[in-house]
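This is protein-v3.txt (compact mmCIF, C-alpha atoms).
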```
# COMPACT_ATOMS: atom_id res chain seq x y z
CA MET A 1 161.48 109.43 106.27
CA THR A 2 158.73 109.36 103.63
CA ALA A 3 158.74 106.78 100.92
CA SER A 4 158.04 108.05 97.43
CA CYS A 5 155.71 106.15 95.16
CA PRO A 6 157.34 104.59 92.15
CA PRO A 7 156.11 105.82 88.75
CA PRO A 8 153.24 103.77 87.38
CA SER A 9 154.40 100.78 85.41
CA THR A 10 153.58 100.68 81.72
CA SER A 11 152.35 97.12 82.14
CA ASP A 12 150.07 98.06 85.04
CA PRO A 13 146.68 96.49 84.23
CA ASN A 14 144.95 99.14 86.32
CA ARG A 15 146.47 101.91 84.18
CA GLU A 16 145.33 100.14 81.02
CA GLU A 17 141.83 99.78 82.44
CA GLN A 18 141.75 103.51 83.23
CA ALA A 19 142.80 104.34 79.68
CA ARG A 20 140.12 102.04 78.27
CA ALA A 21 137.47 103.61 80.52
CA LEU A 22 138.49 107.08 79.36
CA CYS A 23 138.23 106.07 75.71
CA LEU A 24 134.83 104.48 76.24
CA ARG A 25 133.57 107.63 78.00
CA LEU A 26 134.77 109.76 75.09
CA LEU A 27 133.20 107.39 72.55
CA THR A 28 129.90 107.50 74.43
CA ALA A 29 129.59 111.23 73.74
CA ARG A 30 130.30 110.91 69.98
CA ALA A 31 132.30 108.87 67.50
CA ARG A 32 135.99 109.77 67.44
CA THR A 33 139.01 109.00 65.34
CA ARG A 34 141.95 106.99 66.59
CA ALA A 35 144.09 110.15 66.47
CA GLU A 36 141.63 112.06 68.66
CA LEU A 37 141.60 109.31 71.29
CA GLU A 38 145.38 108.98 71.14
CA ALA A 39 145.73 112.73 71.69
CA GLN A 40 143.45 112.57 74.75
CA LEU A 41 145.39 109.67 76.22
CA THR A 42 148.70 111.47 75.65
CA LYS A 43 147.28 114.64 77.18
CA ARG A 44 146.34 112.67 80.30
CA GLY A 45 149.81 111.19 80.57
CA TYR A 46 149.27 107.60 79.46
CA PRO A 47 152.39 105.95 78.02
CA ASP A 48 152.43 105.12 74.31
CA GLU A 49 152.50 101.36 74.97
CA VAL A 50 149.33 101.53 77.06
CA SER A 51 147.62 103.81 74.55
CA ASN A 52 148.49 101.57 71.62
CA ARG A 53 147.26 98.41 73.35
CA VAL A 54 143.96 100.04 74.34
CA LEU A 55 143.39 101.63 70.93
CA ASP A 56 144.30 98.42 69.08
CA ARG A 57 141.79 96.51 71.19
CA LEU A 58 139.04 99.11 70.60
CA ALA A 59 139.75 98.99 66.86
CA ALA A 60 139.66 95.18 66.87
CA VAL A 61 136.17 95.14 68.40
CA GLY A 62 134.96 97.84 65.99
CA LEU A 63 134.60 100.79 68.33
CA ILE A 64 137.21 102.81 66.44
CA ASP A 65 136.89 102.91 62.65
CA ASP A 66 138.28 105.99 60.91
CA ALA A 67 136.69 105.06 57.56
CA ASP A 68 133.23 104.77 59.10
CA PHE A 69 133.81 107.98 61.07
CA ALA A 70 134.78 109.82 57.88
CA GLU A 71 131.69 108.62 56.00
CA GLN A 72 129.38 109.64 58.84
CA TRP A 73 131.14 112.99 59.22
CA VAL A 74 130.83 113.77 55.50
CA ARG A 75 127.16 112.81 55.41
CA SER A 76 126.28 114.79 58.53
CA ARG A 77 128.29 117.96 57.82
CA ARG A 78 127.16 118.07 54.20
CA GLU A 79 123.50 117.68 55.12
CA HIS A 80 123.33 119.89 58.20
CA ALA A 81 126.06 122.48 57.61
CA GLY A 82 126.10 122.46 53.81
CA LYS A 83 129.86 121.93 53.61
CA GLY A 84 131.66 121.41 50.31
CA LYS A 85 134.38 118.88 49.55
CA ARG A 86 137.29 121.16 50.42
CA ALA A 87 135.89 122.09 53.83
CA LEU A 88 135.01 118.48 54.63
CA ALA A 89 138.51 117.31 53.73
CA ALA A 90 140.06 120.02 55.91
CA GLU A 91 137.84 119.12 58.87
CA LEU A 92 138.72 115.43 58.57
CA ARG A 93 142.44 116.25 58.38
CA THR A 94 142.19 118.18 61.65
CA LYS A 95 140.59 115.10 63.20
CA GLY A 96 143.61 113.00 62.18
CA VAL A 97 142.04 110.99 59.36
CA ASP A 98 144.44 109.70 56.66
CA ASP A 99 144.26 111.29 53.21
CA GLU A 100 143.38 107.95 51.59
CA VAL A 101 140.42 107.50 53.94
CA ILE A 102 139.34 111.09 53.27
CA ALA A 103 139.49 110.53 49.52
CA ALA A 104 137.39 107.36 49.84
CA ALA A 105 134.77 109.15 51.95
CA LEU A 106 134.56 112.06 49.51
CA ASP A 107 134.40 109.83 46.40
CA ASP A 108 130.69 109.31 47.01
CA LEU A 109 130.02 113.01 46.49
CA ASP A 110 129.60 113.87 42.86
CA ALA A 111 129.77 117.35 41.35
CA ASP A 112 126.03 117.45 40.65
CA ALA A 113 125.13 116.69 44.26
CA GLU A 114 127.58 119.33 45.47
CA ARG A 115 126.13 121.89 43.07
CA ASP A 116 122.57 121.02 44.14
CA ARG A 117 123.49 121.63 47.79
CA ALA A 118 125.13 124.97 46.89
CA GLU A 119 121.97 125.99 45.02
CA GLN A 120 119.82 125.12 48.04
CA LEU A 121 122.01 127.22 50.31
CA VAL A 122 121.93 130.22 47.96
CA ARG A 123 118.15 129.98 47.46
CA ALA A 124 117.58 129.95 51.21
CA LYS A 125 119.73 133.08 51.66
CA LEU A 126 118.25 134.86 48.64
CA ARG A 127 114.70 134.63 49.99
CA ARG A 128 115.73 136.98 52.80
CA GLU A 129 117.69 139.40 50.61
CA LYS A 130 116.38 142.61 49.14
CA LEU A 131 117.30 142.59 45.46
CA ASP A 132 117.63 145.92 43.74
CA ASP A 133 120.13 147.12 41.16
CA SER A 134 122.21 149.14 43.63
CA ASP A 135 122.72 146.18 46.01
CA ASP A 136 123.18 143.48 43.38
CA LEU A 137 126.97 143.35 43.55
CA ARG A 138 126.97 143.38 47.36
CA VAL A 139 124.45 140.52 47.51
CA ARG A 140 126.43 138.48 44.99
CA ARG A 141 129.67 139.02 46.90
CA ARG A 142 128.09 137.97 50.18
CA LEU A 143 126.60 134.81 48.65
CA VAL A 144 129.86 133.82 46.94
CA ALA A 145 131.72 134.41 50.21
CA MET A 146 129.20 132.26 52.09
CA LEU A 147 129.78 129.38 49.67
CA ALA A 148 133.57 129.86 49.78
CA ARG A 149 133.54 129.65 53.61
CA ARG A 150 131.70 126.36 53.30
CA GLY A 151 134.32 124.90 51.00
CA TYR A 152 132.81 125.29 47.53
CA SER A 153 135.09 126.16 44.63
CA GLN A 154 135.14 129.75 43.44
CA SER A 155 134.01 128.91 39.92
CA MET A 156 131.06 126.88 41.17
CA ALA A 157 130.13 129.60 43.65
CA TYR A 158 130.07 132.30 40.96
CA ALA A 159 128.07 130.13 38.57
CA VAL A 160 125.51 129.10 41.18
CA VAL A 161 125.08 132.62 42.56
CA SER A 162 124.67 134.16 39.09
CA ALA A 163 122.07 131.60 38.06
CA GLU A 164 120.14 131.78 41.33
CA VAL A 165 120.11 135.60 41.43
CA ALA A 166 118.76 135.68 37.87
CA THR A 167 116.11 133.09 38.76
CA GLU A 168 115.11 134.99 41.90
CA ARG A 169 114.85 138.28 39.99
CA GLU A 170 112.58 136.60 37.44
CA ARG A 171 110.46 135.06 40.18
CA ARG A 172 110.00 138.43 41.89
CA ARG A 173 108.97 140.13 38.64
CA VAL A 174 106.02 137.80 38.23
```
This entry written out as structure tokens:
Amino acid sequence: MTASCPPPSTSDPNREEQARALCLRLLTARARTRAELEAQLTKRGYPDEVSNRVLDRLAAVGLIDDADFAEQWVRSRREHAGKGKRALAAELRTKGVDDEVIAAALDDLDADAERDRAEQLVRAKLRREKLDDSDDLRVRRRLVAMLARRGYSQSMAYAVVSAEVATERERRRV
């Protein structure tokens, strides 16, 4: 007769150590939110009690901080990917960040800074575009769509594209 192994106990210190090691491995690769780590632990079959104890301990020592994660995410994605407020908020929501934390992280972005970044993105694209009267509408549509995909409002996108196309046309005439 074979003896079956009992299910792992939720108070098993070895199980808790394994969960902690998994979280630390994940945090070594990049910063993560509490919700992301909790999802990984659940996916691997760790009980909620074990997950909560491990995550509470990691938060207590400062390895998990959703507010800090959100600030870093906003800074990085805005600088490197040129994302607007709407896109950044959506990305943070998918990572499990609370709406209050998202609002606090996005408060630092003012409308002028967002507009400046949109202008930079449009200027960079316009340098590679051929501007003639027949393609003007197509170029404008593509640029507005590019800004919309990155989370900029439609009104800002139209205003920025119109101004930058006019500026680029003037620059090319000279």
So that I can see what lies close to Arg78 of chain A, please list as a PyMOL selection string the residues with an atom at most 12 Å from it, counting all atoms listed in the file and leaving out residues fewer than 2 positions away in the same chain. chain A and resi 70-76+80-89+91+105-106+108-109+113-118+120-121+150-152
Rank A:Ile102, A:Met146, A:Leu26, A:Leu55 by their smallest atom-to-atom distance to Glu38 of chain A, using only C-alpha atoms, and report the top residue only.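 Distance minimum relative to Glu38 of chain A lands on A:Leu55.
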Please provide the set of residues having any atom within 9 Å of segment 130-140 of chain A, restricted to only C-alpha atoms, with same-chain residues fewer than 2 positions apart removed, written as a PDB file with C-alpha atoms, in the frame of the given file.
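What landed in result_13.pdb:
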```pdb
ATOM      1  CA  LEU A 126     118.250 134.860  48.640  1.00  0.00           C
ATOM      2  CA  ARG A 127     114.700 134.630  49.990  1.00  0.00           C
ATOM      3  CA  ARG A 128     115.730 136.980  52.800  1.00  0.00           C
ATOM      4  CA  ARG A 142     128.090 137.970  50.180  1.00  0.00           C
ATOM      5  CA  LEU A 143     126.600 134.810  48.650  1.00  0.00           C
ATOM      6  CA  VAL A 144     129.860 133.820  46.940  1.00  0.00           C
ATOM      7  CA  ALA A 145     131.720 134.410  50.210  1.00  0.00           C
ATOM      8  CA  TYR A 158     130.070 132.300  40.960  1.00  0.00           C
ATOM      9  CA  VAL A 161     125.080 132.620  42.560  1.00  0.00           C
ATOM     10  CA  SER A 162     124.670 134.160  39.090  1.00  0.00           C
ATOM     11  CA  VAL A 165     120.110 135.600  41.430  1.00  0.00           C
ATOM     12  CA  GLU A 168     115.110 134.990  41.900  1.00  0.00           C
ATOM     13  CA  ARG A 169     114.850 138.280  39.990  1.00  0.00           C
TER      14      ARG A 169
END
```
Please list as a ChimeraX atom specification every residue within 12 Å of Gln18 of chain A, counting all atoms listed in the file and excluding residues in the same chain fewer than 3 positions away. /A:12-15,21-25,41,44-46,50-51,54
Could you put an axis-aligned box around every listed atom of segment 19-25 of chain A, padded by 4 Å on each side, and send me its centre and edge lengths in Å to one decimal, as AutoDock Vina command-line options?
```
--center_x 138.2 --center_y 104.8 --center_z 78.1 --size_x 17.2 --size_y 13.6 --size_z 12.8
```
With all atoms listed in the file as the basis for distance, which of A:Thr42, A:Thr33, A:Ser153, A:Thr94 is at the shortest distance from Ala111 of chain A? A:Ser153
To one decimal place, how far is atom CA of Ala103 of chain A from atom CA of Ile64 of chain A in Å?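 We find that atom CA of Ala103 of chain A and atom CA of Ile64 of chain A lie 18.7 Å from each other.
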When you draw a straight line from atom CA of Phe69 of chain A to atom CA of Gly96 of chain A, how long is it in Å?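 Taking atom CA of Phe69 of chain A as the start and atom CA of Gly96 of chain A as the end point, the length is 11.1 Å.
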Interatomic distance between atom CA of Ala29 of chain A and atom CA of Ala67 of chain A? 18.7 Å
